[in-house]
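Colleague: Below you'll find protein.pdb; it's PDB, C-alpha atoms.
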ATOM      1  CA  MET A 239      76.706 -30.985  -2.004
ATOM      2  CA  ALA A 240      73.529 -28.908  -1.681
ATOM      3  CA  GLU A 241      70.599 -29.764  -3.878
ATOM      4  CA  LYS A 242      69.375 -27.166  -6.381
ATOM      5  CA  GLU A 243      66.290 -25.245  -5.433
ATOM      6  CA  GLY A 244      62.983 -25.498  -7.237
ATOM      7  CA  VAL A 245      63.197 -29.160  -8.191
ATOM      8  CA  CYS A 246      60.728 -31.724  -6.938
ATOM      9  CA  ALA A 247      60.702 -34.646  -9.390
ATOM     10  CA  VAL A 248      63.092 -37.501  -8.761
ATOM     11  CA  SER A 249      64.827 -40.181 -10.797
ATOM     12  CA  HIS A 250      65.886 -43.561  -9.469
ATOM     13  CA  ASP A 251      69.436 -44.798  -9.165
ATOM     14  CA  ASN A 252      69.163 -48.482 -10.120
ATOM     15  CA  GLU A 253      72.418 -49.461  -8.418
ATOM     16  CA  ASN A 254      71.634 -48.549  -4.839
ATOM     17  CA  GLY A 255      67.950 -47.672  -4.877
ATOM     18  CA  SER A 256      68.567 -44.041  -3.909
ATOM     19  CA  THR A 257      66.886 -41.136  -5.617
ATOM     20  CA  LYS A 258      68.175 -37.888  -7.030
ATOM     21  CA  PRO A 259      66.321 -34.754  -8.120
ATOM     22  CA  HIS A 260      65.684 -33.900 -11.761
ATOM     23  CA  SER A 261      66.824 -30.425 -12.755
ATOM     24  CA  VAL A 262      65.222 -28.917 -15.845
ATOM     25  CA  ALA A 263      65.941 -25.665 -17.672
ATOM     26  CA  ALA A 264      63.589 -24.377 -20.354
ATOM     27  CA  ALA A 265      65.046 -23.059 -23.618
ATOM     28  CA  LEU A 266      62.445 -20.784 -25.178
ATOM     29  CA  LEU A 267      62.771 -18.940 -28.491
ATOM     30  CA  THR A 268      60.712 -15.799 -29.175
ATOM     31  CA  ASN A 269      60.383 -13.410 -32.098
ATOM     32  CA  ASN A 270      58.073 -10.432 -31.689
ATOM     33  CA  ARG A 271      55.038 -12.349 -30.405
ATOM     34  CA  PRO A 272      54.353 -10.745 -27.003
ATOM     35  CA  GLU A 273      50.959 -12.379 -26.382
ATOM     36  CA  ASP A 274      52.368 -15.818 -27.122
ATOM     37  CA  LEU A 275      55.368 -15.146 -24.887
ATOM     38  CA  VAL A 276      53.134 -14.154 -21.954
ATOM     39  CA  ARG A 277      51.008 -17.282 -22.392
ATOM     40  CA  ALA A 278      54.062 -19.560 -22.639
ATOM     41  CA  LEU A 279      55.744 -18.116 -19.543
ATOM     42  CA  GLN A 280      52.539 -18.371 -17.526
ATOM     43  CA  ALA A 281      52.151 -22.029 -18.537
ATOM     44  CA  LEU A 282      55.759 -22.769 -17.569
ATOM     45  CA  SER A 283      55.282 -21.138 -14.180
ATOM     46  CA  ARG A 284      52.276 -23.397 -13.486
ATOM     47  CA  GLN A 285      54.076 -26.698 -14.083
ATOM     48  CA  SER A 286      53.860 -29.146 -11.175
ATOM     49  CA  VAL A 287      57.611 -29.743 -11.567
ATOM     50  CA  PRO A 288      59.283 -26.366 -11.025
ATOM     51  CA  LEU A 289      61.910 -25.320 -13.541
ATOM     52  CA  GLN A 290      65.446 -24.572 -12.438
ATOM     53  CA  ASP A 291      65.852 -21.857 -15.089
ATOM     54  CA  ILE A 292      64.007 -20.355 -18.050
ATOM     55  CA  ILE A 293      66.204 -19.031 -20.860
ATOM     56  CA  VAL A 294      64.410 -16.767 -23.350
ATOM     57  CA  VAL A 295      66.332 -15.939 -26.526
ATOM     58  CA  ASP A 296      64.697 -13.072 -28.429
ATOM     59  CA  THR A 297      65.797 -13.012 -32.073
ATOM     60  CA  ALA A 298      63.880  -9.757 -32.578
ATOM     61  CA  ALA A 299      65.381  -8.031 -29.500
ATOM     62  CA  THR A 300      62.183  -6.105 -28.680
ATOM     63  CA  PRO A 301      61.748  -3.904 -25.572
ATOM     64  CA  GLN A 302      58.298  -5.430 -25.049
ATOM     65  CA  ALA A 303      59.712  -8.963 -24.780
ATOM     66  CA  GLU A 304      62.347  -7.767 -22.323
ATOM     67  CA  GLU A 305      59.673  -6.111 -20.177
ATOM     68  CA  ILE A 306      57.537  -9.272 -20.195
ATOM     69  CA  CYS A 307      60.508 -11.375 -19.098
ATOM     70  CA  SER A 308      61.421  -8.894 -16.363
ATOM     71  CA  ARG A 309      58.080  -9.631 -14.672
ATOM     72  CA  HIS A 310      59.166 -13.257 -14.216
ATOM     73  CA  GLY A 311      62.055 -13.345 -11.770
ATOM     74  CA  GLN A 312      63.131 -16.817 -12.893
ATOM     75  CA  VAL A 313      63.586 -15.814 -16.544
ATOM     76  CA  ARG A 314      66.922 -14.919 -18.085
ATOM     77  CA  TYR A 315      66.274 -12.688 -21.125
ATOM     78  CA  VAL A 316      68.870 -12.847 -23.929
ATOM     79  CA  PRO A 317      68.350 -10.477 -26.884
ATOM     80  CA  SER A 318      69.996 -11.033 -30.258
ATOM     81  CA  LEU A 319      70.641  -8.000 -32.447
ATOM     82  CA  SER A 320      71.121 -10.358 -35.382
ATOM     83  CA  ASN A 321      68.279 -12.613 -36.531
ATOM     84  CA  LEU A 322      69.731 -16.065 -35.982
ATOM     85  CA  GLY A 323      66.694 -17.841 -37.374
ATOM     86  CA  GLY A 324      65.126 -20.836 -35.690
ATOM     87  CA  ALA A 325      68.271 -22.973 -35.883
ATOM     88  CA  GLY A 326      70.641 -20.324 -34.541
ATOM     89  CA  GLY A 327      68.206 -19.099 -31.906
ATOM     90  CA  PHE A 328      67.550 -22.572 -30.584
ATOM     91  CA  SER A 329      71.274 -23.353 -30.599
ATOM     92  CA  LEU A 330      71.974 -20.293 -28.460
ATOM     93  CA  ALA A 331      69.095 -21.056 -26.081
ATOM     94  CA  MET A 332      70.189 -24.679 -25.743
ATOM     95  CA  LEU A 333      73.798 -23.763 -24.991
ATOM     96  CA  LEU A 334      72.751 -21.255 -22.348
ATOM     97  CA  ALA A 335      70.376 -23.790 -20.796
ATOM     98  CA  ILE A 336      73.124 -26.433 -20.706
ATOM     99  CA  ALA A 337      75.416 -23.892 -19.058
ATOM    100  CA  THR A 338      72.999 -23.580 -16.121
ATOM    101  CA  GLY A 339      74.024 -27.079 -15.078
ATOM    102  CA  ALA A 340      70.546 -28.500 -15.609
ATOM    103  CA  GLU A 341      70.269 -32.215 -16.300
ATOM    104  CA  HIS A 342      67.454 -31.839 -18.845
ATOM    105  CA  ILE A 343      66.601 -29.114 -21.353
ATOM    106  CA  TRP A 344      62.944 -28.425 -22.304
ATOM    107  CA  ILE A 345      62.806 -26.779 -25.736
ATOM    108  CA  MET A 346      59.975 -24.767 -27.307
ATOM    109  CA  ASP A 347      58.919 -21.753 -29.372
ATOM    110  CA  ASP A 348      56.955 -18.931 -27.793
ATOM    111  CA  ASP A 349      53.809 -20.050 -29.648
ATOM    112  CA  ALA A 350      54.058 -23.552 -28.163
ATOM    113  CA  CYS A 351      52.263 -23.911 -24.844
ATOM    114  CA  PRO A 352      52.158 -26.881 -22.410
ATOM    115  CA  GLU A 353      48.656 -28.289 -22.039
ATOM    116  CA  GLY A 354      48.033 -28.495 -18.320
ATOM    117  CA  PRO A 355      50.362 -28.289 -15.308
ATOM    118  CA  ASP A 356      51.565 -31.918 -15.516
ATOM    119  CA  CYS A 357      53.036 -31.853 -19.014
ATOM    120  CA  LEU A 358      56.648 -31.724 -17.819
ATOM    121  CA  ALA A 359      56.005 -34.269 -15.046
ATOM    122  CA  THR A 360      54.568 -36.714 -17.601
ATOM    123  CA  LEU A 361      57.585 -36.306 -19.873
ATOM    124  CA  LEU A 362      60.023 -36.832 -16.991
ATOM    125  CA  ALA A 363      58.158 -39.938 -15.855
ATOM    126  CA  ALA A 364      58.263 -41.362 -19.384
ATOM    127  CA  MET A 365      62.000 -40.723 -19.643
ATOM    128  CA  SER A 366      62.602 -42.589 -16.410
ATOM    129  CA  GLU A 367      60.216 -45.494 -17.046
ATOM    130  CA  ARG A 368      61.279 -46.069 -20.653
ATOM    131  CA  GLU A 369      64.963 -45.177 -20.118
ATOM    132  CA  LEU A 370      64.832 -42.493 -22.810
ATOM    133  CA  GLN A 371      67.372 -39.802 -23.604
ATOM    134  CA  ALA A 372      64.780 -37.486 -25.157
ATOM    135  CA  VAL A 373      60.993 -37.394 -25.286
ATOM    136  CA  SER A 374      58.379 -35.215 -26.925
ATOM    137  CA  PRO A 375      54.654 -34.586 -26.280
ATOM    138  CA  ILE A 376      52.044 -34.661 -29.021
ATOM    139  CA  ILE A 377      51.307 -31.283 -30.632
ATOM    140  CA  VAL A 378      47.658 -30.235 -30.735
ATOM    141  CA  ALA A 379      45.959 -27.282 -32.377
ATOM    142  CA  PRO A 380      44.921 -24.458 -30.007
ATOM    143  CA  VAL A 381      41.765 -23.835 -32.073
ATOM    144  CA  ASP A 382      40.697 -27.489 -31.701
ATOM    145  CA  SER A 383      42.617 -29.620 -29.209
ATOM    146  CA  SER A 384      40.986 -32.784 -30.568
ATOM    147  CA  ARG A 385      43.096 -32.401 -33.703
ATOM    148  CA  LEU A 386      46.846 -32.678 -34.049
ATOM    149  CA  ALA A 387      48.683 -29.650 -35.369
ATOM    150  CA  PHE A 388      50.957 -31.861 -37.498
ATOM    151  CA  PRO A 389      50.573 -35.404 -38.868
ATOM    152  CA  TYR A 390      51.650 -38.396 -36.808
ATOM    153  CA  PRO A 391      52.447 -41.851 -38.207
ATOM    154  CA  GLN A 392      49.942 -44.678 -37.857
ATOM    155  CA  ALA A 393      49.630 -48.083 -39.484
ATOM    156  CA  GLY A 394      46.951 -46.821 -41.865
ATOM    157  CA  GLY A 395      48.867 -43.664 -42.750
ATOM    158  CA  PRO A 396      49.440 -40.225 -41.179
ATOM    159  CA  THR A 397      46.697 -38.974 -38.862
ATOM    160  CA  TYR A 398      45.586 -35.641 -37.390
ATOM    161  CA  ASP A 399      43.138 -37.318 -34.987
ATOM    162  CA  ARG A 400      44.192 -36.969 -31.353
ATOM    163  CA  LYS A 401      42.034 -39.826 -30.064
ATOM    164  CA  GLU A 402      43.472 -42.145 -32.681
ATOM    165  CA  ILE A 403      47.080 -41.330 -31.820
ATOM    166  CA  GLU A 404      46.421 -41.576 -28.062
ATOM    167  CA  GLN A 405      45.569 -45.255 -28.521
ATOM    168  CA  THR A 406      49.327 -45.721 -28.968
ATOM    169  CA  PRO A 407      50.931 -44.629 -25.661
ATOM    170  CA  PHE A 408      54.424 -44.279 -27.137
ATOM    171  CA  ILE A 409      55.754 -43.686 -30.672
ATOM    172  CA  PRO A 410      59.440 -44.685 -30.786
ATOM    173  CA  SER A 411      62.047 -42.721 -32.764
ATOM    174  CA  PHE A 412      59.554 -40.048 -33.841
ATOM    175  CA  ALA A 413      58.893 -36.515 -32.593
ATOM    176  CA  GLN A 414      57.647 -33.187 -33.917
ATOM    177  CA  LEU A 415      60.602 -30.982 -32.948
ATOM    178  CA  PHE A 416      61.208 -28.586 -31.258
ATOM    179  CA  ASN A 417      57.808 -28.049 -29.675
ATOM    180  CA  GLY A 418      58.212 -29.325 -26.132
ATOM    181  CA  LEU A 419      61.125 -31.705 -26.644
ATOM    182  CA  LEU A 420      62.655 -32.723 -23.297
ATOM    183  CA  ILE A 421      66.229 -33.854 -23.804
ATOM    184  CA  HIS A 422      69.101 -34.930 -21.579
ATOM    185  CA  LYS A 423      72.040 -32.542 -21.798
ATOM    186  CA  ASP A 424      74.461 -35.337 -22.739
ATOM    187  CA  VAL A 425      72.662 -35.849 -26.065
ATOM    188  CA  PHE A 426      74.035 -32.551 -27.356
ATOM    189  CA  PHE A 427      77.584 -33.794 -26.872
ATOM    190  CA  THR A 428      76.727 -36.739 -29.141
ATOM    191  CA  VAL A 429      74.417 -35.144 -31.697
ATOM    192  CA  GLY A 430      75.499 -31.507 -31.569
ATOM    193  CA  LEU A 431      73.276 -28.443 -31.885
ATOM    194  CA  PRO A 432      70.783 -27.472 -34.609
ATOM    195  CA  ASP A 433      72.553 -26.675 -37.890
ATOM    196  CA  MET A 434      72.677 -22.886 -38.068
ATOM    197  CA  LYS A 435      73.120 -22.752 -41.837
ATOM    198  CA  LEU A 436      69.609 -24.186 -42.296
ATOM    199  CA  PHE A 437      68.245 -21.011 -40.614
ATOM    200  CA  ILE A 438      64.547 -22.049 -40.526
ATOM    201  CA  ARG A 439      62.291 -24.866 -41.758
ATOM    202  CA  GLY A 440      64.306 -28.052 -41.798
ATOM    203  CA  ASP A 441      66.709 -27.731 -38.879
ATOM    204  CA  GLU A 442      64.306 -29.788 -36.744
ATOM    205  CA  VAL A 443      64.193 -32.607 -39.319
ATOM    206  CA  ASP A 444      67.979 -32.617 -39.542
ATOM    207  CA  PHE A 445      68.273 -32.852 -35.746
ATOM    208  CA  LEU A 446      65.783 -35.736 -35.613
ATOM    209  CA  LEU A 447      67.670 -37.663 -38.307
ATOM    210  CA  ARG A 448      70.942 -37.091 -36.481
ATOM    211  CA  MET A 449      69.420 -38.467 -33.270
ATOM    212  CA  ARG A 450      68.296 -41.587 -35.122
ATOM    213  CA  ARG A 451      71.716 -42.052 -36.694
ATOM    214  CA  ALA A 452      73.426 -41.670 -33.318
ATOM    215  CA  GLY A 453      71.168 -44.304 -31.759
ATOM    216  CA  ILE A 454      69.563 -41.895 -29.279
ATOM    217  CA  ARG A 455      66.622 -43.458 -27.426
ATOM    218  CA  PHE A 456      63.719 -41.058 -27.978
ATOM    219  CA  GLY A 457      60.095 -40.877 -29.027
ATOM    220  CA  THR A 458      56.694 -39.287 -28.448
ATOM    221  CA  VAL A 459      54.544 -39.848 -25.370
ATOM    222  CA  THR A 460      50.915 -39.330 -26.337
ATOM    223  CA  GLY A 461      49.807 -38.725 -22.751
ATOM    224  CA  ALA A 462      51.452 -35.278 -22.745
ATOM    225  CA  ALA A 463      50.505 -32.422 -25.073
ATOM    226  CA  MET A 464      51.618 -28.993 -26.230
ATOM    227  CA  SER A 465      49.439 -26.634 -28.243
ATOM    228  CA  HIS A 466      50.928 -24.984 -31.333
ATOM    229  CA  PRO A 467      49.438 -23.271 -34.404
ATOM    230  CA  PRO A 468      48.715 -26.008 -36.960
ATOM    231  CA  GLY A 469      50.291 -26.390 -40.379
ATOM    232  CA  TRP A 470      47.049 -27.509 -42.040
ATOM    233  CA  GLY A 471      47.064 -24.676 -44.588
ATOM    234  CA  GLU A 472      50.422 -25.790 -45.967
ATOM    235  CA  VAL A 473      49.253 -29.297 -46.889
ATOM    236  CA  HIS A 474      48.497 -30.064 -50.542
ATOM    237  CA  LYS A 475      47.164 -33.498 -51.414
ATOM    238  CA  VAL A 476      48.944 -35.090 -54.377
ATOM    239  CA  THR A 477      47.516 -38.612 -54.315
ATOM    240  CA  LYS A 478      45.681 -40.688 -51.709
ATOM    241  CA  GLY A 479      48.950 -41.640 -50.042
ATOM    242  CA  MET A 480      51.047 -38.583 -50.892
ATOM    243  CA  GLN A 481      50.954 -34.974 -49.768
ATOM    244  CA  ALA A 482      53.309 -32.017 -50.184
ATOM    245  CA  LEU A 483      53.838 -28.953 -48.016
ATOM    246  CA  VAL A 484      53.977 -25.458 -49.485
ATOM    247  CA  PRO A 485      54.629 -22.832 -46.772
ATOM    248  CA  GLU A 486      52.935 -19.460 -46.973
ATOM    249  CA  GLY A 487      55.237 -16.597 -47.953
ATOM    250  CA  GLU A 488      58.228 -16.552 -50.300
ATOM    251  CA  PHE A 489      60.720 -16.295 -47.429
ATOM    252  CA  LYS A 490      59.611 -19.504 -45.708
ATOM    253  CA  ARG A 491      59.092 -21.319 -49.001
ATOM    254  CA  TYR A 492      62.674 -20.704 -50.122
ATOM    255  CA  TYR A 493      64.246 -22.086 -46.944
ATOM    256  CA  PHE A 494      61.813 -25.004 -46.757
ATOM    257  CA  PHE A 495      62.509 -26.114 -50.330
ATOM    258  CA  ARG A 496      66.258 -25.462 -50.134
ATOM    259  CA  ASN A 497      66.601 -27.360 -46.887
ATOM    260  CA  ARG A 498      64.592 -30.313 -48.218
ATOM    261  CA  GLY A 499      67.059 -30.577 -51.077
ATOM    262  CA  TYR A 500      69.970 -30.423 -48.659
ATOM    263  CA  LEU A 501      68.482 -33.016 -46.309
ATOM    264  CA  ALA A 502      67.701 -35.400 -49.178
ATOM    265  CA  ARG A 503      71.356 -35.395 -50.203
ATOM    266  CA  ARG A 504      72.992 -35.025 -46.786
ATOM    267  CA  HIS A 505      71.055 -37.900 -45.224
ATOM    268  CA  ARG A 506      70.623 -39.909 -48.452
ATOM    269  CA  ARG A 507      66.847 -39.736 -48.259
ATOM    270  CA  ILE A 508      66.159 -41.360 -51.605
ATOM    271  CA  ARG A 509      62.440 -41.830 -50.980
ATOM    272  CA  SER A 510      62.047 -38.183 -49.955
ATOM    273  CA  LEU A 511      63.951 -37.083 -53.066
ATOM    274  CA  LEU A 512      61.758 -39.127 -55.395
ATOM    275  CA  VAL A 513      58.550 -37.974 -53.679
ATOM    276  CA  ASP A 514      59.595 -34.333 -54.077
ATOM    277  CA  LEU A 515      60.619 -34.731 -57.729
ATOM    278  CA  VAL A 516      57.220 -36.244 -58.505
ATOM    279  CA  GLY A 517      54.992 -34.458 -56.004
ATOM    280  CA  TYR A 518      55.916 -30.801 -56.347
ATOM    281  CA  PRO A 519      55.531 -30.587 -60.147
ATOM    282  CA  ILE A 520      52.068 -32.095 -59.686
ATOM    283  CA  VAL A 521      51.254 -29.597 -56.923
ATOM    284  CA  PHE A 522      52.295 -26.517 -58.865
ATOM    285  CA  VAL A 523      51.135 -27.555 -62.339
ATOM    286  CA  VAL A 524      47.957 -29.512 -61.523
ATOM    287  CA  VAL A 525      46.767 -28.791 -57.960
ATOM    288  CA  ARG A 526      47.604 -25.068 -58.067
ATOM    289  CA  GLY A 527      46.396 -24.679 -61.657
ATOM    290  CA  GLY A 528      49.558 -23.970 -63.628
ATOM    291  CA  ASP A 529      51.620 -22.107 -61.024
ATOM    292  CA  TYR A 530      54.801 -22.136 -63.102
ATOM    293  CA  SER A 531      56.331 -19.283 -61.132
ATOM    294  CA  GLY A 532      55.970 -21.378 -57.987
ATOM    295  CA  LEU A 533      57.413 -24.375 -59.795
ATOM    296  CA  ARG A 534      60.501 -22.371 -60.823
ATOM    297  CA  GLN A 535      60.913 -21.077 -57.275
ATOM    298  CA  TRP A 536      60.668 -24.609 -55.870
ATOM    299  CA  TRP A 537      63.238 -26.005 -58.292
ATOM    300  CA  GLY A 538      65.689 -23.120 -57.819
ATOM    301  CA  ALA A 539      65.599 -23.449 -54.026
ATOM    302  CA  PHE A 540      65.646 -27.264 -54.140
ATOM    303  CA  TRP A 541      68.625 -27.198 -56.520
ATOM    304  CA  ASP A 542      70.479 -24.842 -54.146
ATOM    305  CA  GLY A 543      69.999 -27.366 -51.369
ATOM    306  CA  LEU A 544      71.056 -30.336 -53.469
ATOM    307  CA  ASN A 545      74.259 -28.483 -54.303
ATOM    308  CA  TYR A 546      74.916 -27.292 -50.730
ATOM    309  CA  ARG A 547      74.575 -23.639 -51.673
ATOM    310  CA  PHE A 548      74.267 -21.660 -48.466
ATOM    311  CA  GLY A 549      74.546 -17.920 -48.190
ATOM    312  CA  PRO A 550      73.679 -15.270 -45.612
ATOM    313  CA  PRO A 551      70.010 -15.160 -44.551
ATOM    314  CA  ARG A 552      67.679 -13.541 -47.058
TER     315      ARG A 552
END
Could I get this file's structure written as structure tokens?

Modeller:
Amino acid sequence: MAEKEGVCAVSHDNENGSTKPHSVAAALLTNNRPEDLVRALQALSRQSVPLQDIIVVDTAATPQAEEICSRHGQVRYVPSLSNLGGAGGFSLAMLLAIATGAEHIWIMDDDACPEGPDCLATLLAAMSERELQAVSPIIVAPVDSSRLAFPYPQAGGPTYDRKEIEQTPFIPSFAQLFNGLLIHKDVFFTVGLPDMKLFIRGDEVDFLLRMRRAGIRFGTVTGAAMSHPPGWGEVHKVTKGMQALVPEGEFKRYYFFRNRGYLARRHRRIRSLLVDLVGYPIVFVVVRGGDYSGLRQWWGAFWDGLNYRFGPPR
């Protein structure tokens, strides 16, 4: 059987010592961010391990995105006339990437960008050396690559310090999805695809919890990095050891709060439930100076999630 073109990394067959090529397809989701899309595609084209395929799902179906993709002969552009959200868009991109026959799927948004040409090679090496089924890079802020875009767990509490997190080469069973997650195709047949009814903000947490429950071997390799706009502005400090996230914009806030309620019940996250029931009233009443409208919005959306109330996208 002929080997697939454009693949140079190899994995070892422990039984007979032979090697076989890795094949990787990228699953990239875009939504009306042409500059980000150009930057992401350029970074993918510069990887030291060539990609077998690049699938771009455009949930905004813009002519500009199609034109950008047409300049990259390796890219398959897939427009969606219906906004599938993050969960639906990623599900479609993942399925199409699996259908290419690739062994591994590399998943990212258009505003996530690999840092350096060896990002994919580092992830593949970690998968092989640690016998992982999925692996993620750390996520750094493009405005300041010394800081992490999202918090990472450490013994002393969550940290945004890149140097601090890099002292731990590997963080097991933790990843900031879906920014640069490299995953073996077989995992999807065990875990499934992102839950489309979550739409946005929470589908990545649900997928991570499902991987843990299924016993998937995964984690974060701190020697590889992706840049992504940080979520610093969403963080509200409640106490020294507690913080709460409040997304900007009513649209994102509704889905974030609703999906947190759903995840707390669906996955029996008792600690998360208690933290939310204590933390968010403090955030809206105390930290935000009597934001009772925000408090009502939080509770209404959270209650929808607790009661599994899902409707068509707002």

Colleague: Using only C-alpha atoms, pick whichever of A:Ala331, A:Ile376, A:Met480, A:Ala325 has the shortest atom-to-atom distance to Asp514 of chain A.

Modeller: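 Using only C-alpha atoms, Asp514 of chain A sits closest to A:Met480.
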
Colleague: Mind telling me what the PyMOL selection byres ((chain A and resi 521-528) around 12) catches here, as a list of chain:residue names?

Modeller: A:Glu472, A:Val473, A:His474, A:Lys475, A:Val476, A:Thr477, A:Met480, A:Gln481, A:Ala482, A:Leu483, A:Val484, A:Val513, A:Asp514, A:Leu515, A:Val516, A:Gly517, A:Tyr518, A:Pro519, A:Ile520, A:Asp529, A:Tyr530, A:Ser531, A:Gly532, A:Leu533, A:Arg534, A:Gln535, A:Trp536, A:Trp537

Colleague: Might you pull out every residue within 7 Å of Ala350 of chain A, with all atoms listed in the file counted and same-chain residues fewer than 6 positions away left off, and present them as a PDB file with C-alpha atoms, in the frame of the given file?

Modeller:
ATOM      1  CA  ALA A 278      54.062 -19.560 -22.639  1.00  0.00           C
ATOM      2  CA  ASN A 417      57.808 -28.049 -29.675  1.00  0.00           C
ATOM      3  CA  MET A 464      51.618 -28.993 -26.230  1.00  0.00           C
ATOM      4  CA  SER A 465      49.439 -26.634 -28.243  1.00  0.00           C
ATOM      5  CA  HIS A 466      50.928 -24.984 -31.333  1.00  0.00           C
TER       6      HIS A 466
END

Colleague: Please determine, counting all atoms listed in the file, which residue among A:Ala372, A:Ile409, A:Ala364, A:Ile377 has the shortest atom-to-atom distance to Leu446 of chain A.

Modeller: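 That would be A:Ala372, the residue with the smallest distance to Leu446 of chain A.
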
Colleague: Just the residues within 10 Å of Pro468 of chain A, please, counting all atoms listed in the file, with nothing from its chain fewer than 4 positions along; format it as a short mmCIF file (atom, residue, chain, number, x, y, z; two decimals) with C-alpha atoms, keeping the file's coordinate frame.

Modeller:
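Everything below was put into selection32.cif:
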data_model
loop_
_atom_site.label_atom_id
_atom_site.label_comp_id
_atom_site.auth_asym_id
_atom_site.auth_seq_id
_atom_site.Cartn_x
_atom_site.Cartn_y
_atom_site.Cartn_z
CA ILE A 377 51.31 -31.28 -30.63
CA VAL A 378 47.66 -30.24 -30.74
CA ALA A 379 45.96 -27.28 -32.38
CA PRO A 380 44.92 -24.46 -30.01
CA VAL A 381 41.76 -23.84 -32.07
CA ASP A 382 40.70 -27.49 -31.70
CA ARG A 385 43.10 -32.40 -33.70
CA LEU A 386 46.85 -32.68 -34.05
CA ALA A 387 48.68 -29.65 -35.37
CA PHE A 388 50.96 -31.86 -37.50
CA PRO A 389 50.57 -35.40 -38.87
CA GLU A 472 50.42 -25.79 -45.97
#

Colleague: Would you work out the distance separating atom CA of Ala363 of chain A from atom CA of Ile345 of chain A, expressed in Å to one decimal?

Modeller: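 Between atom CA of Ala363 of chain A and atom CA of Ile345 of chain A the gap works out to 17.1 Å.
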
Colleague: Compile the contact shell of Gly543 of chain A as a VMD selection string: residues with an atom at most 6 Å away, counting only C-alpha atoms, same-chain residues fewer than 2 positions apart removed.

Modeller: chain A and resid 496 to 497 499 to 500 540 to 541 545 to 547

Colleague: In the coordinate frame of the file, compute which residues have an atom within 8 Å of (57.9, -8.3, -27.9) when using only C-alpha atoms, and state them as a compact mmCIF listing (two decimals) with C-alpha atoms, in the coordinates of the input.

Modeller:
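As a result, point-v9.txt now contains:
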# COMPACT_ATOMS: atom_id res chain seq x y z
CA ASN A 269 60.38 -13.41 -32.10
CA ASN A 270 58.07 -10.43 -31.69
CA ARG A 271 55.04 -12.35 -30.40
CA PRO A 272 54.35 -10.74 -27.00
CA LEU A 275 55.37 -15.15 -24.89
CA ALA A 298 63.88 -9.76 -32.58
CA ALA A 299 65.38 -8.03 -29.50
CA THR A 300 62.18 -6.10 -28.68
CA PRO A 301 61.75 -3.90 -25.57
CA GLN A 302 58.30 -5.43 -25.05
CA ALA A 303 59.71 -8.96 -24.78
CA GLU A 304 62.35 -7.77 -22.32
CA ILE A 306 57.54 -9.27 -20.20

Colleague: Which of these, A:Arg507, A:Leu436, A:Leu419, A:Gln312, has the shortest distance to Asp542 of chain A once you count all atoms listed in the file?

Modeller: A:Leu436

Colleague: Given the file above and the PyMOL selection byres ((chain A and resi 369) around 12), which residues are selected, and can you give them as a ChimeraX atom specification?

Modeller: /A:249-252,361-368,370-373,421-422,454-457

Colleague: Pull C-alpha atoms from the residues just selected and write them as a PDB file, in the frame of the given file.

Modeller:
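The resulting file, out_12.pdb, is reproduced below:
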ATOM      1  CA  SER A 249      64.827 -40.181 -10.797  1.00  0.00           C
ATOM      2  CA  HIS A 250      65.886 -43.561  -9.469  1.00  0.00           C
ATOM      3  CA  ASP A 251      69.436 -44.798  -9.165  1.00  0.00           C
ATOM      4  CA  ASN A 252      69.163 -48.482 -10.120  1.00  0.00           C
ATOM      5  CA  LEU A 361      57.585 -36.306 -19.873  1.00  0.00           C
ATOM      6  CA  LEU A 362      60.023 -36.832 -16.991  1.00  0.00           C
ATOM      7  CA  ALA A 363      58.158 -39.938 -15.855  1.00  0.00           C
ATOM      8  CA  ALA A 364      58.263 -41.362 -19.384  1.00  0.00           C
ATOM      9  CA  MET A 365      62.000 -40.723 -19.643  1.00  0.00           C
ATOM     10  CA  SER A 366      62.602 -42.589 -16.410  1.00  0.00           C
ATOM     11  CA  GLU A 367      60.216 -45.494 -17.046  1.00  0.00           C
ATOM     12  CA  ARG A 368      61.279 -46.069 -20.653  1.00  0.00           C
ATOM     13  CA  LEU A 370      64.832 -42.493 -22.810  1.00  0.00           C
ATOM     14  CA  GLN A 371      67.372 -39.802 -23.604  1.00  0.00           C
ATOM     15  CA  ALA A 372      64.780 -37.486 -25.157  1.00  0.00           C
ATOM     16  CA  VAL A 373      60.993 -37.394 -25.286  1.00  0.00           C
ATOM     17  CA  ILE A 421      66.229 -33.854 -23.804  1.00  0.00           C
ATOM     18  CA  HIS A 422      69.101 -34.930 -21.579  1.00  0.00           C
ATOM     19  CA  ILE A 454      69.563 -41.895 -29.279  1.00  0.00           C
ATOM     20  CA  ARG A 455      66.622 -43.458 -27.426  1.00  0.00           C
ATOM     21  CA  PHE A 456      63.719 -41.058 -27.978  1.00  0.00           C
ATOM     22  CA  GLY A 457      60.095 -40.877 -29.027  1.00  0.00           C
TER      23      GLY A 457
END

Colleague: Considering only C-alpha atoms, can you say which of A:Gln405, A:Ser261, A:Ser308, A:Ser510 comes closest to Asp291 of chain A?

Modeller: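 Among A:Gln405, A:Ser261, A:Ser308, A:Ser510, it is A:Ser261 that comes nearest to Asp291 of chain A.
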
Colleague: In file coordinates, which residues lie within 12 Å of (52.4, -41.8, -37.6) using all atoms listed in the file, given as a VMD selection string?

Modeller: chain A and resid 376 386 388 to 400 402 to 406 408 to 414 457 to 458 460

Colleague: Can you pull out every residue within 8 Å of segment 262-264 of chain A, counting all atoms listed in the file, but drop anything in the same chain fewer than 6 positions away, and send it as a PyMOL selection string?

Modeller: chain A and resi 245+289-293+335-336+338+340-346

Colleague: Between atom CA of Gly479 of chain A and atom CA of Leu501 of chain A, what is the distance, to one decimal in Å?

Modeller: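 Separating atom CA of Gly479 of chain A from atom CA of Leu501 of chain A is a distance of 21.7 Å.
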
Colleague: Applied to the shown file, which residues does the PyMOL selection byres ((chain A and resi 490) around 12) return, written as a list in words?

Modeller: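 Against this file, the PyMOL selection byres ((chain A and resi 490) around 12) returns the residues Gly323, Gly324, Leu436, Phe437, Ile438, Arg439, Gly440, Glu472, Leu483, Val484, Pro485, Glu486, Gly487, Glu488, Phe489, Arg491, Tyr492, Tyr493, Phe494, Phe495, Arg496, Asn497, Gln535, Trp536, Ala539, Pro551 and Arg552 of chain A.
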